[in-house]
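S.K.: My file is run_23.pdb. It has PDB, C-alpha atoms, pLDDT in the B column:
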ATOM      1  CA  MET A   1     -53.793   7.356 -10.400  1.00 44.00           C
ATOM      2  CA  ILE A   2     -54.737  10.871 -11.501  1.00 45.00           C
ATOM      3  CA  GLU A   3     -55.713  11.286 -15.131  1.00 45.00           C
ATOM      4  CA  ILE A   4     -53.116  12.932 -17.356  1.00 44.00           C
ATOM      5  CA  GLU A   5     -55.463  15.631 -18.571  1.00 49.00           C
ATOM      6  CA  ASP A   6     -55.858  16.917 -15.013  1.00 65.00           C
ATOM      7  CA  PHE A   7     -52.417  18.463 -15.213  1.00 89.00           C
ATOM      8  CA  GLY A   8     -52.572  20.394 -18.490  1.00 85.00           C
ATOM      9  CA  LEU A   9     -48.895  19.870 -19.326  1.00 88.00           C
ATOM     10  CA  SER A  10     -47.409  21.134 -22.592  1.00 87.00           C
ATOM     11  CA  GLU A  11     -46.961  17.714 -24.202  1.00 88.00           C
ATOM     12  CA  PRO A  12     -49.820  15.320 -23.332  1.00 86.00           C
ATOM     13  CA  GLY A  13     -48.600  11.905 -22.283  1.00 90.00           C
ATOM     14  CA  LYS A  14     -45.024  13.097 -21.714  1.00 95.00           C
ATOM     15  CA  LEU A  15     -43.290  14.296 -18.589  1.00 96.00           C
ATOM     16  CA  ARG A  16     -40.292  16.477 -19.466  1.00 97.00           C
ATOM     17  CA  ALA A  17     -37.658  16.192 -16.760  1.00 98.00           C
ATOM     18  CA  ALA A  18     -34.770  18.648 -16.390  1.00 98.00           C
ATOM     19  CA  ILE A  19     -31.651  16.773 -15.291  1.00 98.00           C
ATOM     20  CA  ASN A  20     -28.505  18.466 -13.971  1.00 96.00           C
ATOM     21  CA  LEU A  21     -25.497  16.666 -15.450  1.00 94.00           C
ATOM     22  CA  GLY A  22     -23.153  18.614 -13.174  1.00 89.00           C
ATOM     23  CA  ASN A  23     -23.877  16.490 -10.095  1.00 90.00           C
ATOM     24  CA  ILE A  24     -21.828  13.311 -10.458  1.00 88.00           C
ATOM     25  CA  LEU A  25     -23.532  11.677  -7.480  1.00 91.00           C
ATOM     26  CA  LEU A  26     -26.982  11.925  -9.009  1.00 96.00           C
ATOM     27  CA  VAL A  27     -26.131  11.336 -12.681  1.00 97.00           C
ATOM     28  CA  THR A  28     -23.581   8.562 -13.027  1.00 95.00           C
ATOM     29  CA  GLY A  29     -23.674   7.673 -16.720  1.00 95.00           C
ATOM     30  CA  LYS A  30     -25.682   7.150 -19.894  1.00 95.00           C
ATOM     31  CA  ASN A  31     -27.562   4.163 -21.263  1.00 95.00           C
ATOM     32  CA  GLU A  32     -27.422   2.706 -24.770  1.00 94.00           C
ATOM     33  CA  THR A  33     -29.906   5.297 -26.053  1.00 94.00           C
ATOM     34  CA  GLY A  34     -27.887   8.213 -24.656  1.00 94.00           C
ATOM     35  CA  ASN A  35     -30.270   9.022 -21.816  1.00 97.00           C
ATOM     36  CA  PRO A  36     -28.755   9.889 -18.428  1.00 98.00           C
ATOM     37  CA  THR A  37     -28.686   7.242 -15.714  1.00 98.00           C
ATOM     38  CA  GLY A  38     -28.448   7.547 -11.950  1.00 98.00           C
ATOM     39  CA  VAL A  39     -30.542   8.418  -8.922  1.00 98.00           C
ATOM     40  CA  SER A  40     -31.928  11.646 -10.385  1.00 98.00           C
ATOM     41  CA  PRO A  41     -33.014  10.298 -13.818  1.00 98.00           C
ATOM     42  CA  SER A  42     -34.474   7.193 -12.163  1.00 98.00           C
ATOM     43  CA  MET A  43     -36.436   9.348  -9.740  1.00 98.00           C
ATOM     44  CA  ALA A  44     -37.849  11.316 -12.677  1.00 98.00           C
ATOM     45  CA  ALA A  45     -38.779   8.101 -14.482  1.00 98.00           C
ATOM     46  CA  ALA A  46     -40.526   6.782 -11.370  1.00 98.00           C
ATOM     47  CA  ILE A  47     -42.609   9.949 -11.088  1.00 98.00           C
ATOM     48  CA  ALA A  48     -43.579   9.663 -14.745  1.00 97.00           C
ATOM     49  CA  ARG A  49     -44.608   5.993 -14.396  1.00 96.00           C
ATOM     50  CA  HIS A  50     -46.642   6.713 -11.286  1.00 95.00           C
ATOM     51  CA  LEU A  51     -48.583   9.487 -13.004  1.00 93.00           C
ATOM     52  CA  GLY A  52     -49.073   7.592 -16.277  1.00 92.00           C
ATOM     53  CA  PHE A  53     -46.565   9.489 -18.420  1.00 95.00           C
ATOM     54  CA  SER A  54     -43.554   8.564 -20.479  1.00 96.00           C
ATOM     55  CA  VAL A  55     -40.423  10.426 -19.405  1.00 97.00           C
ATOM     56  CA  VAL A  56     -38.416  12.756 -21.659  1.00 98.00           C
ATOM     57  CA  TYR A  57     -35.041  13.936 -20.369  1.00 98.00           C
ATOM     58  CA  ASN A  58     -33.805  17.466 -21.027  1.00 98.00           C
ATOM     59  CA  THR A  59     -30.243  17.756 -19.745  1.00 98.00           C
ATOM     60  CA  TYR A  60     -28.343  20.808 -18.534  1.00 96.00           C
ATOM     61  CA  PRO A  61     -24.665  21.274 -17.638  1.00 93.00           C
ATOM     62  CA  SER A  62     -25.418  22.894 -14.278  1.00 91.00           C
ATOM     63  CA  PRO A  63     -28.294  23.392 -11.832  1.00 92.00           C
ATOM     64  CA  GLY A  64     -28.345  27.095 -12.647  1.00 92.00           C
ATOM     65  CA  ALA A  65     -28.912  26.348 -16.330  1.00 94.00           C
ATOM     66  CA  ALA A  66     -31.773  24.004 -15.455  1.00 96.00           C
ATOM     67  CA  ALA A  67     -33.335  26.599 -13.172  1.00 96.00           C
ATOM     68  CA  ASP A  68     -33.068  29.301 -15.850  1.00 95.00           C
ATOM     69  CA  ALA A  69     -35.032  27.141 -18.301  1.00 96.00           C
ATOM     70  CA  VAL A  70     -38.212  27.430 -16.227  1.00 95.00           C
ATOM     71  CA  ASP A  71     -39.271  30.525 -18.187  1.00 92.00           C
ATOM     72  CA  ARG A  72     -38.647  28.850 -21.560  1.00 95.00           C
ATOM     73  CA  ASP A  73     -41.155  26.025 -20.976  1.00 94.00           C
ATOM     74  CA  GLU A  74     -38.494  23.350 -21.486  1.00 97.00           C
ATOM     75  CA  TRP A  75     -39.463  21.083 -18.582  1.00 98.00           C
ATOM     76  CA  ASP A  76     -42.334  19.987 -16.364  1.00 97.00           C
ATOM     77  CA  ILE A  77     -40.206  18.844 -13.427  1.00 98.00           C
ATOM     78  CA  CYS A  78     -36.626  19.717 -12.532  1.00 98.00           C
ATOM     79  CA  LEU A  79     -34.364  17.740 -10.237  1.00 98.00           C
ATOM     80  CA  ILE A  80     -31.955  20.202  -8.617  1.00 97.00           C
ATOM     81  CA  ALA A  81     -31.119  21.350  -5.103  1.00 95.00           C
ATOM     82  CA  GLU A  82     -33.768  23.454  -3.422  1.00 96.00           C
ATOM     83  CA  ASP A  83     -32.752  26.964  -2.417  1.00 92.00           C
ATOM     84  CA  PRO A  84     -34.647  30.129  -1.398  1.00 93.00           C
ATOM     85  CA  LYS A  85     -33.341  32.028  -4.433  1.00 92.00           C
ATOM     86  CA  ARG A  86     -34.458  29.321  -6.858  1.00 95.00           C
ATOM     87  CA  ALA A  87     -37.795  29.088  -5.030  1.00 96.00           C
ATOM     88  CA  GLU A  88     -38.618  32.573  -6.333  1.00 96.00           C
ATOM     89  CA  THR A  89     -39.359  31.014  -9.755  1.00 96.00           C
ATOM     90  CA  ILE A  90     -39.710  27.278  -9.019  1.00 98.00           C
ATOM     91  CA  GLU A  91     -42.187  25.518  -6.737  1.00 98.00           C
ATOM     92  CA  PHE A  92     -40.250  22.830  -4.887  1.00 98.00           C
ATOM     93  CA  CYS A  93     -42.177  19.688  -4.014  1.00 97.00           C
ATOM     94  CA  GLY A  94     -39.871  18.226  -1.398  1.00 96.00           C
ATOM     95  CA  ALA A  95     -36.279  17.056  -1.104  1.00 98.00           C
ATOM     96  CA  TYR A  96     -35.536  13.375  -1.660  1.00 98.00           C
ATOM     97  CA  ALA A  97     -31.759  13.210  -0.996  1.00 97.00           C
ATOM     98  CA  GLU A  98     -29.137  15.138   0.940  1.00 95.00           C
ATOM     99  CA  ILE A  99     -25.398  15.675   0.465  1.00 92.00           C
ATOM    100  CA  GLU A 100     -23.033  17.266   2.987  1.00 92.00           C
ATOM    101  CA  ALA A 101     -21.193  20.362   1.801  1.00 95.00           C
ATOM    102  CA  THR A 102     -17.811  21.173   3.335  1.00 97.00           C
ATOM    103  CA  TYR A 103     -14.356  22.523   2.446  1.00 98.00           C
ATOM    104  CA  LEU A 104     -11.015  21.216   1.219  1.00 98.00           C
ATOM    105  CA  VAL A 105      -7.816  23.003   2.225  1.00 98.00           C
ATOM    106  CA  PRO A 106      -4.360  22.532   0.675  1.00 98.00           C
ATOM    107  CA  ALA A 107      -1.287  21.014   2.302  1.00 97.00           C
ATOM    108  CA  GLY A 108       0.140  23.281   4.977  1.00 97.00           C
ATOM    109  CA  SER A 109      -3.087  25.209   5.543  1.00 98.00           C
ATOM    110  CA  LYS A 110      -3.542  26.547   9.079  1.00 97.00           C
ATOM    111  CA  ILE A 111      -7.334  26.216   8.756  1.00 98.00           C
ATOM    112  CA  GLN A 112      -8.486  23.352  10.963  1.00 97.00           C
ATOM    113  CA  SER A 113     -12.266  23.783  11.087  1.00 97.00           C
ATOM    114  CA  ILE A 114     -15.190  25.078   9.066  1.00 98.00           C
ATOM    115  CA  GLU A 115     -15.648  27.934  11.527  1.00 97.00           C
ATOM    116  CA  GLU A 116     -12.159  29.260  10.707  1.00 98.00           C
ATOM    117  CA  VAL A 117     -12.874  29.728   6.986  1.00 98.00           C
ATOM    118  CA  ASP A 118     -14.918  32.923   7.100  1.00 98.00           C
ATOM    119  CA  GLN A 119     -12.057  35.356   7.677  1.00 97.00           C
ATOM    120  CA  PRO A 120     -10.844  38.453   5.813  1.00 98.00           C
ATOM    121  CA  GLY A 121      -8.376  37.529   3.091  1.00 98.00           C
ATOM    122  CA  ILE A 122      -9.575  33.940   2.689  1.00 98.00           C
ATOM    123  CA  ARG A 123     -10.394  33.112  -0.940  1.00 98.00           C
ATOM    124  CA  ILE A 124     -12.776  30.237  -1.660  1.00 98.00           C
ATOM    125  CA  ALA A 125     -13.143  28.473  -5.010  1.00 98.00           C
ATOM    126  CA  VAL A 126     -16.738  27.433  -5.707  1.00 98.00           C
ATOM    127  CA  SER A 127     -18.864  26.069  -8.534  1.00 95.00           C
ATOM    128  CA  GLU A 128     -20.861  29.026  -9.818  1.00 94.00           C
ATOM    129  CA  ARG A 129     -24.580  29.033  -8.945  1.00 91.00           C
ATOM    130  CA  SER A 130     -24.407  25.669  -7.234  1.00 93.00           C
ATOM    131  CA  ALA A 131     -26.681  25.310  -4.204  1.00 91.00           C
ATOM    132  CA  TYR A 132     -23.726  25.711  -1.869  1.00 95.00           C
ATOM    133  CA  ASP A 133     -22.563  28.821  -3.772  1.00 96.00           C
ATOM    134  CA  LEU A 134     -26.006  30.334  -3.210  1.00 95.00           C
ATOM    135  CA  TYR A 135     -25.851  29.355   0.465  1.00 96.00           C
ATOM    136  CA  LEU A 136     -22.329  30.704   1.006  1.00 97.00           C
ATOM    137  CA  SER A 137     -23.220  33.942  -0.799  1.00 97.00           C
ATOM    138  CA  ARG A 138     -25.778  34.540   1.948  1.00 96.00           C
ATOM    139  CA  ALA A 139     -23.839  33.147   4.898  1.00 97.00           C
ATOM    140  CA  LEU A 140     -20.263  34.389   4.523  1.00 98.00           C
ATOM    141  CA  LYS A 141     -19.380  37.752   6.033  1.00 98.00           C
ATOM    142  CA  HIS A 142     -15.640  38.087   5.391  1.00 98.00           C
ATOM    143  CA  ALA A 143     -14.211  35.415   3.038  1.00 98.00           C
ATOM    144  CA  GLU A 144     -14.274  35.999  -0.728  1.00 98.00           C
ATOM    145  CA  LEU A 145     -15.892  33.588  -3.194  1.00 98.00           C
ATOM    146  CA  LYS A 146     -14.104  32.919  -6.486  1.00 98.00           C
ATOM    147  CA  ARG A 147     -16.514  31.319  -8.938  1.00 98.00           C
ATOM    148  CA  ALA A 148     -15.934  28.942 -11.836  1.00 97.00           C
ATOM    149  CA  PRO A 149     -18.433  27.212 -14.166  1.00 92.00           C
ATOM    150  CA  GLY A 150     -18.750  23.736 -12.652  1.00 88.00           C
ATOM    151  CA  LEU A 151     -17.000  21.381 -10.244  1.00 88.00           C
ATOM    152  CA  ALA A 152     -13.982  20.613 -12.427  1.00 91.00           C
ATOM    153  CA  ALA A 153     -13.405  24.279 -13.219  1.00 95.00           C
ATOM    154  CA  ALA A 154     -13.639  25.224  -9.535  1.00 97.00           C
ATOM    155  CA  PHE A 155     -11.015  22.597  -8.686  1.00 97.00           C
ATOM    156  CA  GLU A 156      -8.772  23.907 -11.463  1.00 98.00           C
ATOM    157  CA  LEU A 157      -9.231  27.488 -10.235  1.00 98.00           C
ATOM    158  CA  PHE A 158      -8.393  26.406  -6.683  1.00 98.00           C
ATOM    159  CA  GLN A 159      -5.110  24.938  -7.887  1.00 98.00           C
ATOM    160  CA  SER A 160      -4.088  27.462 -10.536  1.00 98.00           C
ATOM    161  CA  GLN A 161      -4.682  30.530  -8.371  1.00 98.00           C
ATOM    162  CA  LYS A 162      -3.474  28.822  -5.183  1.00 98.00           C
ATOM    163  CA  LEU A 163      -6.683  29.708  -3.370  1.00 98.00           C
ATOM    164  CA  ASP A 164      -7.120  29.065   0.337  1.00 98.00           C
ATOM    165  CA  VAL A 165     -10.194  26.828   0.260  1.00 98.00           C
ATOM    166  CA  LEU A 166     -12.269  24.770  -2.160  1.00 98.00           C
ATOM    167  CA  ALA A 167     -15.986  24.565  -1.358  1.00 98.00           C
ATOM    168  CA  GLY A 168     -17.949  21.556  -2.517  1.00 96.00           C
ATOM    169  CA  LEU A 169     -19.830  18.372  -1.756  1.00 92.00           C
ATOM    170  CA  ARG A 170     -17.968  16.008   0.556  1.00 93.00           C
ATOM    171  CA  PRO A 171     -17.794  13.010  -1.837  1.00 91.00           C
ATOM    172  CA  ALA A 172     -16.363  15.122  -4.663  1.00 91.00           C
ATOM    173  CA  LEU A 173     -13.882  16.842  -2.345  1.00 95.00           C
ATOM    174  CA  LEU A 174     -12.646  13.478  -1.082  1.00 94.00           C
ATOM    175  CA  GLU A 175     -11.878  12.544  -4.693  1.00 93.00           C
ATOM    176  CA  ASN A 176     -10.119  15.894  -5.241  1.00 96.00           C
ATOM    177  CA  ALA A 177      -8.018  15.307  -2.131  1.00 97.00           C
ATOM    178  CA  GLU A 178      -6.651  12.057  -3.567  1.00 96.00           C
ATOM    179  CA  SER A 179      -4.817  14.044  -6.250  1.00 96.00           C
ATOM    180  CA  LEU A 180      -3.493  16.698  -3.837  1.00 97.00           C
ATOM    181  CA  PRO A 181      -1.013  15.167  -1.374  1.00 96.00           C
ATOM    182  CA  GLY A 182      -1.327  16.704   2.062  1.00 97.00           C
ATOM    183  CA  SER A 183      -4.701  18.342   1.410  1.00 98.00           C
ATOM    184  CA  ARG A 184      -7.529  17.836   3.905  1.00 97.00           C
ATOM    185  CA  VAL A 185     -11.319  17.727   3.763  1.00 97.00           C
ATOM    186  CA  LEU A 186     -12.617  19.468   6.875  1.00 97.00           C
ATOM    187  CA  ASP A 187     -14.856  17.630   9.324  1.00 95.00           C
ATOM    188  CA  GLY A 188     -18.498  18.575   9.589  1.00 93.00           C
ATOM    189  CA  ALA A 189     -20.618  20.516   7.106  1.00 94.00           C
ATOM    190  CA  TYR A 190     -21.593  24.144   6.628  1.00 96.00           C
ATOM    191  CA  THR A 191     -24.849  23.027   5.029  1.00 93.00           C
ATOM    192  CA  ALA A 192     -26.591  19.970   3.652  1.00 91.00           C
ATOM    193  CA  VAL A 193     -27.514  20.335  -0.007  1.00 92.00           C
ATOM    194  CA  ARG A 194     -31.054  19.003  -0.399  1.00 95.00           C
ATOM    195  CA  GLN A 195     -31.790  17.571  -3.817  1.00 97.00           C
ATOM    196  CA  ALA A 196     -35.434  18.160  -4.657  1.00 98.00           C
ATOM    197  CA  VAL A 197     -38.080  17.934  -7.339  1.00 98.00           C
ATOM    198  CA  GLY A 198     -39.418  21.257  -8.569  1.00 98.00           C
ATOM    199  CA  VAL A 199     -42.291  22.216 -10.836  1.00 98.00           C
ATOM    200  CA  LYS A 200     -43.374  25.402 -12.550  1.00 95.00           C
ATOM    201  CA  PRO A 201     -45.671  27.519 -10.342  1.00 94.00           C
ATOM    202  CA  GLY A 202     -49.356  27.798 -11.185  1.00 93.00           C
ATOM    203  CA  ASN A 203     -50.358  24.136 -11.495  1.00 94.00           C
ATOM    204  CA  PRO A 204     -51.523  23.176  -7.987  1.00 94.00           C
ATOM    205  CA  ALA A 205     -52.977  19.765  -8.934  1.00 94.00           C
ATOM    206  CA  PHE A 206     -49.711  18.685 -10.532  1.00 96.00           C
ATOM    207  CA  ALA A 207     -47.627  20.079  -7.665  1.00 96.00           C
ATOM    208  CA  LYS A 208     -49.772  18.214  -5.145  1.00 95.00           C
ATOM    209  CA  ALA A 209     -49.326  14.928  -7.000  1.00 96.00           C
ATOM    210  CA  VAL A 210     -45.552  15.346  -7.199  1.00 97.00           C
ATOM    211  CA  LYS A 211     -45.307  16.296  -3.524  1.00 98.00           C
ATOM    212  CA  ARG A 212     -47.233  13.185  -2.556  1.00 97.00           C
ATOM    213  CA  PHE A 213     -44.987  10.985  -4.664  1.00 97.00           C
ATOM    214  CA  VAL A 214     -41.759  12.444  -3.232  1.00 98.00           C
ATOM    215  CA  SER A 215     -43.011  11.955   0.315  1.00 98.00           C
ATOM    216  CA  ASP A 216     -44.041   8.364  -0.400  1.00 98.00           C
ATOM    217  CA  ALA A 217     -40.756   7.615  -2.214  1.00 98.00           C
ATOM    218  CA  LYS A 218     -38.825   8.459   0.941  1.00 98.00           C
ATOM    219  CA  SER A 219     -41.031   6.468   3.293  1.00 98.00           C
ATOM    220  CA  ASN A 220     -41.500   3.357   1.108  1.00 98.00           C
ATOM    221  CA  GLY A 221     -37.786   2.841   0.450  1.00 98.00           C
ATOM    222  CA  LEU A 222     -37.703   3.863  -3.217  1.00 98.00           C
ATOM    223  CA  VAL A 223     -35.113   6.611  -2.710  1.00 98.00           C
ATOM    224  CA  ALA A 224     -32.952   4.423  -0.473  1.00 97.00           C
ATOM    225  CA  GLY A 225     -33.132   1.676  -3.089  1.00 98.00           C
ATOM    226  CA  LEU A 226     -31.977   4.020  -5.862  1.00 98.00           C
ATOM    227  CA  ILE A 227     -29.092   5.272  -3.719  1.00 97.00           C
ATOM    228  CA  ASN A 228     -27.950   1.675  -3.215  1.00 97.00           C
ATOM    229  CA  GLU A 229     -28.562   0.665  -6.836  1.00 97.00           C
ATOM    230  CA  PHE A 230     -26.250   3.361  -8.161  1.00 97.00           C
ATOM    231  CA  GLY A 231     -23.533   2.843  -5.566  1.00 94.00           C
ATOM    232  CA  GLN A 232     -24.065   6.083  -3.698  1.00 94.00           C
ATOM    233  CA  ARG A 233     -24.583   4.711  -0.207  1.00 89.00           C
ATOM    234  CA  GLY A 234     -22.466   6.753   2.204  1.00 82.00           C
ATOM    235  CA  ARG A 235     -22.299   9.601  -0.302  1.00 88.00           C
ATOM    236  CA  LEU A 236     -26.010  10.384  -0.545  1.00 93.00           C
ATOM    237  CA  SER A 237     -28.608   9.977   2.180  1.00 93.00           C
ATOM    238  CA  VAL A 238     -32.397  10.037   2.104  1.00 96.00           C
ATOM    239  CA  ALA A 239     -33.593  13.559   2.897  1.00 95.00           C
ATOM    240  CA  SER A 240     -35.210  14.049   6.281  1.00 89.00           C
TER
END
Will you turn the file into structure tokens for me?

M.R.:
Amino acid sequence: MIEIEDFGLSEPGKLRAAINLGNILLVTGKNETGNPTGVSPSMAAAIARHLGFSVVYNTYPSPGAAADAVDRDEWDICLIAEDPKRAETIEFCGAYAEIEATYLVPAGSKIQSIEEVDQPGIRIAVSERSAYDLYLSRALKHAELKRAPGLAAAFELFQSQKLDVLAGLRPALLENAESLPGSRVLDGAYTAVRQAVGVKPGNPAFAKAVKRFVSDAKSNGLVAGLINEFGQRGRLSVAS
């Protein structure tokens, strides 16, 4: 174990973890004290225990909000999807879980495959500043993204404006499809959203320790165990 003082964190003895409440696969509830529960909070707690800290959860409604807080010194680690844009201000220490991202189309849609989505005139509802929004913003050449603040708002926008496609994570889209008779979730994935642990740049000893833990957590079965414990098998997978 590395001594706490080696890391020079803002609050000695405490590891402040930024948790994105917007991902329902990774945060599945709250405990009796009001702290978040799920794969992501448990991963943060495991890192804290391993390094000799107590964990303090700082929660955010979206991954973008958590990422923005890096400059306000509100957290020591953040658990959000890694992305090149976010990596400009956050040092990612490895992905621990992956989620397929795909599309949902309404009843009667002529779109049959992911490859058919990027066409002129196609309007796609998406959760603003999600990892897949950032990816699609780079990848799409013709289709238009229509953004809303969060998964529920994107689904509402998709319905209210009768958009052509809803972008999202496969498990959430499958739930959306249950309330839209005739809708379809397209096969395959346009990307895999990799949920990672990030730290603030400029603390190489701390970053090295977190990277080592994330790597070990994948190989020793910890991540797989958390996925099973919180009922996310088949929805989340251990990151490669």

S.K.: Please identify all polymer residues within 10 Å of A:Leu136, counting all atoms listed in the file, omitting same-chain residues fewer than 4 positions from it, and present them as a list in words.

M.R.: Asp118, Ile124, Val126, Ser130, Ala131, Tyr132, Leu140, Lys141, Ala143, Glu144, Leu145, Ala167, Tyr190 and Thr191 of chain A

S.K.: Quick one: everything within 6 Å of A:Arg194, counting all atoms listed in the file, minus sequence neighbours fewer than 6 positions away in the same chain. Send it as a ChimeraX atom specification.

M.R.: /A:81,95,97-98

S.K.: With the PyMOL selection byres ((chain A and resi 60) around 10) as the selection, what would be picked from this file? Answer as an MDAnalysis selection string, please.

M.R.: chainID A and resid 18:22 57:59 61:67 69

S.K.: Generate the output file for the selected residues, C-alpha atoms, as a PDB file, in the coordinates of the input.

M.R.:
ATOM      1  CA  ALA A  18     -34.770  18.648 -16.390  1.00 98.00           C
ATOM      2  CA  ILE A  19     -31.651  16.773 -15.291  1.00 98.00           C
ATOM      3  CA  ASN A  20     -28.505  18.466 -13.971  1.00 96.00           C
ATOM      4  CA  LEU A  21     -25.497  16.666 -15.450  1.00 94.00           C
ATOM      5  CA  GLY A  22     -23.153  18.614 -13.174  1.00 89.00           C
ATOM      6  CA  TYR A  57     -35.041  13.936 -20.369  1.00 98.00           C
ATOM      7  CA  ASN A  58     -33.805  17.466 -21.027  1.00 98.00           C
ATOM      8  CA  THR A  59     -30.243  17.756 -19.745  1.00 98.00           C
ATOM      9  CA  PRO A  61     -24.665  21.274 -17.638  1.00 93.00           C
ATOM     10  CA  SER A  62     -25.418  22.894 -14.278  1.00 91.00           C
ATOM     11  CA  PRO A  63     -28.294  23.392 -11.832  1.00 92.00           C
ATOM     12  CA  GLY A  64     -28.345  27.095 -12.647  1.00 92.00           C
ATOM     13  CA  ALA A  65     -28.912  26.348 -16.330  1.00 94.00           C
ATOM     14  CA  ALA A  66     -31.773  24.004 -15.455  1.00 96.00           C
ATOM     15  CA  ALA A  67     -33.335  26.599 -13.172  1.00 96.00           C
ATOM     16  CA  ALA A  69     -35.032  27.141 -18.301  1.00 96.00           C
TER      17      ALA A  69
END

S.K.: Check the smallest atom-to-atom distance from each of A:Lys208, A:Glu91, A:Val165, A:Leu25 to A:Gly38 using only C-alpha atoms, then report the winner.

M.R.: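 Using only C-alpha atoms, the shortest distance to A:Gly38 belongs to A:Leu25.
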
S.K.: Do you know which residues lie at most 12 Å from (-49.8, 13.7, -20.4), with coordinates as in the file and only C-alpha atoms counted, and could you write them as number ranges by chain?

M.R.: A: 2-16, 48-56, 76, 206

S.K.: What separation in Å, quoted to one decimal, exists between atom CA of A:Tyr96 and atom CA of A:Ile77?

M.R.: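 Atom CA of A:Ile77 lies 13.8 Å from atom CA of A:Tyr96.
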
S.K.: I want to know what sits within 7 Å of A:Val105, based on all atoms listed in the file, with residues of the same chain fewer than 5 positions away left out; could you give that as a ChimeraX atom specification?

M.R.: /A:164-166,183-185

S.K.: For the structure provided, state which residues fall under the PyMOL selection byres ((chain A and resi 180) around 12), and present them as a PyMOL selection string.

M.R.: chain A and resi 104-108+155-156+158-159+173-179+181-185

S.K.: Just how far from atom CA of A:Ser40 is atom CA of A:Gly94, in Å to one decimal?

M.R.: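 According to the coordinates, atom CA of A:Gly94 and atom CA of A:Ser40 are separated by 13.7 Å.
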